[in-house]
file run-v9.cif (mmCIF, C-alpha atoms)
data_upload
#
loop_
_atom_site.label_atom_id
_atom_site.label_comp_id
_atom_site.auth_asym_id
_atom_site.auth_seq_id
_atom_site.Cartn_x
_atom_site.Cartn_y
_atom_site.Cartn_z
CA MET X 7 154.99 105.47 131.17
CA ASP X 8 156.65 107.20 128.22
CA ALA X 9 156.73 110.73 126.82
CA TYR X 10 153.58 110.15 124.75
CA PHE X 11 151.65 109.41 127.93
CA TYR X 12 152.94 112.52 129.69
CA ILE X 13 152.09 114.73 126.71
CA ILE X 14 148.51 113.42 126.76
CA LEU X 15 148.43 113.69 130.57
CA VAL X 16 149.28 117.41 130.46
CA VAL X 17 147.22 118.30 127.37
CA GLY X 18 144.24 116.18 128.48
CA LEU X 19 144.13 117.63 132.00
CA LEU X 20 144.52 121.19 130.68
CA SER X 21 141.71 120.63 128.19
CA THR X 22 139.45 119.16 130.88
CA ILE X 23 140.15 122.08 133.22
CA ILE X 24 139.50 124.66 130.46
CA CYS X 25 136.24 122.99 129.41
CA LEU X 26 135.03 122.44 132.99
CA THR X 27 135.74 126.07 133.86
CA ALA X 28 133.88 127.29 130.78
CA GLY X 29 130.95 125.02 131.65
CA ILE X 30 130.83 126.18 135.25
CA LEU X 31 130.96 129.81 134.07
CA LYS X 32 127.89 129.02 131.89
CA LYS X 33 129.68 129.70 128.62
CA ALA X 34 128.78 128.01 125.34
CA PRO X 35 131.58 126.07 123.59
CA ASN X 36 134.02 128.65 122.21
CA ASP X 37 137.41 128.75 120.49
CA ALA X 38 139.28 128.04 123.74
CA THR X 39 137.37 124.87 124.63
CA ILE X 40 137.18 123.49 121.08
CA LEU X 41 140.87 124.23 120.40
CA SER X 42 141.85 122.58 123.69
CA VAL X 43 140.07 119.41 122.56
CA ALA X 44 141.74 119.77 119.15
CA ALA X 45 145.06 119.81 121.04
CA VAL X 46 144.10 116.48 122.66
CA GLU X 47 143.40 115.08 119.19
CA LEU X 48 146.76 116.41 117.99
CA SER X 49 148.66 114.77 120.86
CA LEU X 50 146.87 111.49 120.11
CA LEU X 51 147.93 111.82 116.47
CA VAL X 52 151.52 112.31 117.66
CA TYR X 53 151.14 109.08 119.63
CA LEU X 54 149.78 107.36 116.49
CA VAL X 55 152.64 108.51 114.25
CA GLY X 56 155.20 107.82 116.98
CA SER X 57 153.89 104.27 117.45
CA ILE X 58 154.00 103.56 113.71
CA VAL X 59 157.59 104.85 113.54
CA ARG X 60 158.62 102.75 116.54
CA LEU X 61 157.09 99.59 115.09
CA ALA X 62 158.68 100.32 111.70
CA GLY X 63 162.00 100.75 113.51
CA GLY X 64 161.81 97.20 114.81
CA GLU X 65 160.43 97.81 118.30
CA ARG X 66 157.83 95.32 119.55
CA MET X 67 154.98 95.92 121.98
CA ALA X 68 154.55 93.54 124.90
CA GLY X 69 150.75 93.24 124.81
CA GLU X 70 148.18 92.47 122.14
CA ALA X 71 148.66 94.67 119.06
CA TRP X 72 144.98 94.83 118.10
CA GLU X 73 144.03 95.85 121.64
CA PHE X 74 146.52 98.73 121.47
CA TRP X 75 145.26 99.92 118.08
CA GLY X 76 141.66 99.51 119.21
CA TYR X 77 142.26 101.87 122.10
CA LEU X 78 144.15 104.35 119.92
CA VAL X 79 141.54 104.44 117.14
CA THR X 80 138.68 104.81 119.66
CA ALA X 81 140.59 107.59 121.45
CA LEU X 82 141.11 109.35 118.11
CA ILE X 83 137.37 109.24 117.32
CA LEU X 84 136.23 110.63 120.73
CA PRO X 85 137.43 114.27 120.29
CA LEU X 86 135.91 114.41 116.79
CA GLY X 87 132.55 113.16 118.07
CA ALA X 88 132.55 115.53 121.04
CA VAL X 89 133.42 118.58 118.90
CA TYR X 90 130.79 117.63 116.30
CA TRP X 91 128.22 117.34 119.08
CA SER X 92 129.25 120.63 120.68
CA ILE X 93 128.69 122.35 117.33
CA LEU X 94 125.20 120.83 117.07
CA GLU X 95 124.20 122.01 120.53
CA ARG X 96 125.78 125.24 121.61
CA THR X 97 124.99 125.28 125.33
CA ARG X 98 127.20 125.09 128.43
CA TRP X 99 126.45 121.38 128.72
CA SER X 100 128.44 120.68 125.60
CA ASN X 101 131.47 122.04 127.45
CA PHE X 102 131.06 119.26 130.00
CA VAL X 103 130.94 116.74 127.15
CA LEU X 104 134.16 118.30 125.80
CA ALA X 105 135.64 118.15 129.31
CA ALA X 106 135.07 114.40 129.39
CA VAL X 107 137.34 113.94 126.34
CA GLY X 108 140.55 114.99 128.12
CA VAL X 109 140.23 112.59 131.07
CA THR X 110 139.01 109.76 128.86
CA ALA X 111 142.00 110.20 126.53
CA LEU X 112 144.24 110.25 129.60
CA VAL X 113 142.85 106.95 130.92
CA MET X 114 143.09 105.35 127.48
CA ALA X 115 146.68 106.56 127.01
CA ALA X 116 147.58 105.02 130.38
CA ARG X 117 146.06 101.71 129.25
CA MET X 118 147.88 101.91 125.91
CA ASN X 119 151.16 102.40 127.77
CA GLN X 120 150.46 99.31 129.89
CA ILE X 121 149.82 97.29 126.74
CA TRP X 122 152.98 98.51 125.03
CA TYR X 123 155.37 97.79 127.91
CA MET J 20 134.57 113.06 137.53
CA GLU J 21 133.52 116.41 138.86
CA GLU J 22 131.31 117.18 135.90
CA VAL J 23 128.93 114.43 136.93
CA GLN J 24 128.28 116.30 140.16
CA ASN J 25 127.33 119.36 138.18
CA VAL J 26 124.39 117.57 136.67
CA MET J 27 122.92 117.17 140.12
CA ALA J 28 124.04 120.47 141.56
CA LYS J 29 122.99 122.75 138.71
CA PRO J 30 119.85 121.60 136.94
CA SER J 31 119.66 125.00 135.28
CA ARG J 32 116.53 125.35 133.18
CA GLN J 33 117.01 128.32 130.89
CA ASP J 34 120.02 127.13 128.98
CA THR J 35 118.75 123.72 127.99
CA GLY J 36 116.96 122.52 124.93
CA THR J 37 117.55 125.60 122.84
CA THR J 38 118.77 124.09 119.59
CA SER J 39 118.25 120.96 117.48
CA GLY J 40 115.26 119.91 115.44
CA GLN J 41 113.71 118.15 118.42
CA ALA J 42 112.40 121.43 119.80
CA ALA J 43 109.06 120.82 118.10
CA VAL J 44 108.50 117.58 120.03
CA GLY J 45 108.26 119.57 123.23
CA ARG J 46 110.79 119.84 126.00
CA ALA J 47 109.22 117.24 128.23
CA ASP J 48 109.70 114.57 125.60
CA THR J 49 113.36 115.26 124.89
CA ARG J 50 116.13 113.83 126.92
CA ASN J 51 119.01 114.52 124.57
CA THR J 52 119.71 118.19 125.27
CA GLY J 53 121.44 120.03 128.08
CA PRO J 54 122.66 117.83 130.94
CA GLY J 55 121.16 114.84 129.11
CA ARG J 56 123.90 115.25 126.51
CA LEU J 57 126.58 114.76 129.12
CA LEU J 58 124.73 111.72 130.46
CA ILE J 59 124.48 110.22 126.96
CA ALA J 60 128.17 110.96 126.33
CA VAL J 61 129.23 109.12 129.48
CA TYR J 62 126.86 106.25 128.69
CA ALA J 63 128.33 106.06 125.18
CA VAL J 64 131.88 105.81 126.52
CA PHE J 65 130.76 102.99 128.82
CA ALA J 66 128.88 101.25 126.02
CA ILE J 67 132.00 101.31 123.82
CA SER J 68 134.47 100.25 126.51
CA ALA J 69 132.19 97.55 128.00
CA THR J 70 131.47 96.11 124.54
CA ALA J 71 135.16 96.07 123.65
CA ARG J 72 136.12 94.50 126.95
CA ALA J 73 133.40 91.84 126.87
CA GLY J 74 134.21 91.02 123.25
CA TYR J 75 137.87 90.65 124.12
CA GLN J 76 137.13 88.45 127.16
CA ILE J 77 134.74 86.20 125.27
CA LEU J 78 136.99 85.82 122.22
CA THR J 79 140.22 85.12 124.11
CA LYS J 80 139.42 83.43 127.43
CA PHE J 81 135.74 82.53 127.53
CA SER J 82 136.30 79.07 129.04
CA GLU J 83 138.01 80.53 132.13
CA ALA J 84 134.84 82.13 133.47
CA PRO J 85 131.82 81.86 131.16
CA VAL J 86 129.38 83.32 133.71
CA ALA J 87 131.46 86.41 134.45
CA TYR J 88 132.15 87.10 130.78
CA LEU J 89 128.53 86.59 129.76
CA LEU J 90 127.67 89.05 132.52
CA SER J 91 130.18 91.46 130.98
CA ALA J 92 128.45 91.08 127.63
CA PHE J 93 125.05 91.62 129.25
CA ALA J 94 126.30 94.79 130.96
CA ALA J 95 127.63 96.01 127.62
CA ALA J 96 124.24 95.38 125.98
CA VAL J 97 122.47 97.30 128.76
CA TYR J 98 124.79 100.29 128.26
CA VAL J 99 124.19 100.23 124.51
CA VAL J 100 120.39 100.15 124.96
CA ALA J 101 120.57 102.93 127.57
CA THR J 102 122.71 105.13 125.30
CA VAL J 103 120.45 104.71 122.27
CA SER J 104 117.16 105.10 124.17
CA LEU J 105 118.35 108.22 126.02
CA ALA J 106 119.27 109.81 122.71
CA LYS J 107 115.90 109.10 121.06
CA PRO J 108 112.85 111.31 121.65
CA GLY J 109 109.35 110.06 122.39
CA ARG J 110 107.46 108.13 125.01
CA THR J 111 108.36 104.60 123.92
CA TRP J 112 112.06 105.39 124.06
CA PHE J 113 111.47 107.01 127.45
CA LYS J 114 110.08 103.71 128.76
CA VAL J 115 112.97 101.80 127.21
CA SER J 116 115.48 104.09 128.90
CA VAL J 117 113.76 103.76 132.29
CA ALA J 118 113.87 99.95 131.92
CA ALA J 119 117.51 99.98 130.82
CA VAL J 120 118.62 102.28 133.65
CA LEU J 121 116.68 100.20 136.23
CA VAL J 122 118.27 96.96 134.94
CA GLU J 123 121.64 98.69 135.10
CA MET J 124 121.08 99.77 138.70
CA LEU J 125 119.88 96.29 139.69
CA GLY J 126 122.89 94.79 137.94
CA VAL J 127 125.48 96.98 139.60
CA LEU J 128 123.89 96.44 143.04
CA VAL J 129 123.47 92.64 142.72
CA VAL J 130 126.80 91.95 141.01
CA GLY J 131 128.53 94.46 143.29
CA ALA J 132 127.14 92.79 146.42
CA LEU J 133 127.87 89.26 145.13
CA SER J 134 131.45 90.18 144.27
CA VAL J 135 131.96 91.53 147.78
CA PHE J 136 130.25 88.77 149.79
CA ASP J 137 130.92 85.80 147.54
CA SER J 138 134.26 86.63 145.97
CA VAL J 139 135.04 82.95 145.44
CA SER J 140 132.42 82.46 142.75
CA PHE J 141 132.97 85.95 141.30
CA PRO J 142 136.73 86.10 140.94
CA HIS J 143 136.71 87.53 137.41
CA GLU J 144 136.30 91.18 136.65
CA THR J 145 133.20 92.72 135.12
CA VAL J 146 132.23 96.38 134.85
CA TRP J 147 129.92 95.93 137.82
CA SER J 148 132.32 94.02 140.11
CA LEU J 149 132.85 95.71 143.50
CA PHE J 150 130.21 98.33 142.55
CA GLY J 151 132.32 99.47 139.60
CA ARG J 152 135.45 100.22 141.60
CA GLY J 153 137.67 99.61 138.57
CA TYR J 154 135.83 102.47 136.84
CA ALA J 155 135.96 105.02 139.67
CA PHE J 156 132.46 103.94 140.85
CA ILE J 157 130.95 105.70 137.84
CA PRO J 158 128.82 102.56 137.07
CA LEU J 159 127.16 103.03 140.50
CA LEU J 160 126.65 106.78 140.01
CA LEU J 161 125.36 106.64 136.43
CA PRO J 162 121.98 104.89 137.04
CA ILE J 163 121.24 107.24 139.95
CA LEU J 164 121.89 110.32 137.82
CA GLY J 165 120.06 108.64 134.95
CA LEU J 166 116.90 108.10 137.01
CA ILE J 167 117.00 111.67 138.34
CA TRP J 168 117.31 112.98 134.78
CA LEU J 169 114.55 110.74 133.45
CA TYR J 170 112.25 111.81 136.29
CA ARG J 171 112.87 115.48 135.54
CA ARG J 172 112.16 114.95 131.84
CA ARG J 173 109.28 112.48 132.12
CA PRO J 174 106.62 112.84 129.42
CA ALA J 175 103.68 115.10 130.30
CA GLN J 176 101.24 112.17 130.24
CA LEU J 177 103.05 110.56 133.15
CA ARG J 178 103.05 113.66 135.34
CA GLY J 179 100.75 113.43 138.36
#
call {"tool": "encode", "arguments": {"input": "run-v9.cif", "output": "structure tokens"}}
result
Amino acid sequence: MDAYFYIILVVGLLSTIICLTAGILKKAPNDATILSVAAVELSLLVYLVGSIVRLAGGERMAGEAWEFWGYLVTALILPLGAVYWSILERTRWSNFVLAAVGVTALVMAARMNQIWY
Amino acid sequence: MEEVQNVMAKPSRQDTGTTSGQAAVGRADTRNTGPGRLLIAVYAVFAISATARAGYQILTKFSEAPVAYLLSAFAAAVYVVATVSLAKPGRTWFKVSVAAVLVEMLGVLVVGALSVFDSVSFPHETVWSLFGRGYAFIPLLLPILGLIWLYRRRPAQLRG
């Protein structure tokens, strides 16, 4: 597990906790929950740029390249979809959808780390 | 996944189905608002990951275990149908989602039981192996929550 994974671990868990709390408190999606998911997206983008730099620098991943990029691209789309959906329906339930993004990104980052090493 | 528990624990009525153009269809015919959104989101994640996994298995090592990998593909198809039908309003889509969720439940129970009692002929992983243990047992929980949700939002014509 590398630094990219731990960044996503911390940011993803924080985002999930923020969104779950907001959902349990019956709040509609607000700046805090949407920005926390945006932070997840940002940390995934850091992973994306970092991976491109590492490959350009001559590093090689151990697993299948297309599997790695498949996970990364899917993970990058999830926060966008969840935020778009939470804007369409502004009820507490959208916060639970947003909460799912953090843990999903975390699981996918763990899998991406396994593929890389 | 604590949020899944919340669907069961707090089926709050007031704060659901407030927005979106589907309001005109009538609340009983919509399954894509409120807790249903969360259900569809989780189903969508499973549809994507199961499709990707089955595609990968079939493309790279199909000959190793054709039955298991075809089962993976079938599971993926069931998740896709469930996701789409849960998101669509109307009675026909309601029936499709009931069928898809029932097939999913049957699948996870049968494949789960077979993988436990007859592990020799089911050595290869599918989403439903060991009752979905590789996916935190969410595959076992999803159809149960799905049926509860569908029952709560069944069309008026089917209400006794």
call {"tool": "atom_distance", "arguments": {"input": "run-v9.cif", "atom1": "CA of Asn36 in chain X", "atom2": "CA of Ala106 in chain J"}}
result
23.9 Å
call {"tool": "closest_residue", "arguments": {"input": "run-v9.cif", "among": "X:Ile121, X:Leu26, X:Leu78, X:Ile93", "to": "chain J", "atoms": "all atoms listed in the file"}}
result
X:Leu26
call {"tool": "resolve_selection", "arguments": {"input": "run-v9.cif", "expression": "the PyMOL selection byres ((chain X) within 7 of (chain J))", "output": "PDB file with C-alpha atoms, in the frame of the given file"}}
result
ATOM      1  CA  LEU X  94     125.200 120.830 117.070  1.00  0.00           C
ATOM      2  CA  GLU X  95     124.200 122.010 120.530  1.00  0.00           C
ATOM      3  CA  THR X  97     124.990 125.280 125.330  1.00  0.00           C
ATOM      4  CA  TRP X  99     126.450 121.380 128.720  1.00  0.00           C
ATOM      5  CA  PHE X 102     131.060 119.260 130.000  1.00  0.00           C
ATOM      6  CA  VAL X 103     130.940 116.740 127.150  1.00  0.00           C
TER       7      VAL X 103
END
call {"tool": "atom_distance", "arguments": {"input": "run-v9.cif", "atom1": "CA of Tyr10 in chain X", "atom2": "CA of Thr145 in chain J"}}
result
28.8 Å
call {"tool": "residues_near_point", "arguments": {"input": "run-v9.cif", "point": "(115.4, 104.3, 125.2)", "cutoff": "10 Å", "atoms": "all atoms listed in the file", "output": "count of residues only"}}
result
23
call {"tool": "atom_distance", "arguments": {"input": "run-v9.cif", "atom1": "CA of Gly74 in chain J", "atom2": "CA of Val55 in chain X"}}
result
27.0 Å
call {"tool": "residues_around", "arguments": {"input": "run-v9.cif", "residues": "Glu47 in chain X", "least_positions_apart": "6", "cutoff": "10 Å", "atoms": "only C-alpha atoms", "output": "PyMOL selection string"}}
result
chain X and resi 14+17-18+41+53+81-86+107-108+111
call {"tool": "closest_residue", "arguments": {"input": "run-v9.cif", "among": "X:Tyr77, X:Thr27, X:Ala68, X:Ser21", "to": "Ser42 in chain X", "atoms": "only C-alpha atoms"}}
result
X:Ser21
call {"tool": "resolve_selection", "arguments": {"input": "run-v9.cif", "expression": "the PyMOL selection byres ((chain J and resi 143) around 10)", "output": "VMD selection string"}}
result
chain J and resid 83 to 88 91 134 138 to 142 144 to 145 148
call {"tool": "closest_residue", "arguments": {"input": "run-v9.cif", "among": "X:Val109, X:Ala38, X:Val89, X:Ala115", "to": "Ile13 in chain X", "atoms": "all atoms listed in the file"}}
result
X:Ala115
call {"tool": "resolve_selection", "arguments": {"input": "run-v9.cif", "expression": "the PyMOL selection byres ((chain J and resi 153-170) around 7)", "output": "ChimeraX atom specification"}}
result
/J:120,123-124,127,147,150-152,171-173
call {"tool": "closest_residue", "arguments": {"input": "run-v9.cif", "among": "X:Leu51, X:Ile58, X:Met67, X:Leu15", "to": "Thr110 in chain X", "atoms": "only C-alpha atoms"}}
result
X:Leu15
call {"tool": "residues_around", "arguments": {"input": "run-v9.cif", "residues": "Ala96 in chain J", "least_positions_apart": "6", "cutoff": "9 Å", "atoms": "all atoms listed in the file", "output": "PyMOL selection string"}}
result
chain J and resi 66+69-70
call {"tool": "residues_near_point", "arguments": {"input": "run-v9.cif", "point": "(153.1, 94.7, 122.1)", "cutoff": "10 Å", "atoms": "only C-alpha atoms", "output": "CSV table (one decimal) with C-alpha atoms, in the frame of the given file"}}
result
chain,number,residue,atom,x,y,z
X,61,LEU,CA,157.1,99.6,115.1
X,65,GLU,CA,160.4,97.8,118.3
X,66,ARG,CA,157.8,95.3,119.6
X,67,MET,CA,155.0,95.9,122.0
X,68,ALA,CA,154.6,93.5,124.9
X,69,GLY,CA,150.8,93.2,124.8
X,70,GLU,CA,148.2,92.5,122.1
X,71,ALA,CA,148.7,94.7,119.1
X,72,TRP,CA,145.0,94.8,118.1
X,73,GLU,CA,144.0,95.8,121.6
X,74,PHE,CA,146.5,98.7,121.5
X,118,MET,CA,147.9,101.9,125.9
X,119,ASN,CA,151.2,102.4,127.8
X,120,GLN,CA,150.5,99.3,129.9
X,121,ILE,CA,149.8,97.3,126.7
X,122,TRP,CA,153.0,98.5,125.0
X,123,TYR,CA,155.4,97.8,127.9
call {"tool": "closest_residue", "arguments": {"input": "run-v9.cif", "among": "X:Thr22, X:Asp8, X:Arg96, X:Ala28", "to": "Val46 in chain X", "atoms": "all atoms listed in the file"}}
result
X:Thr22
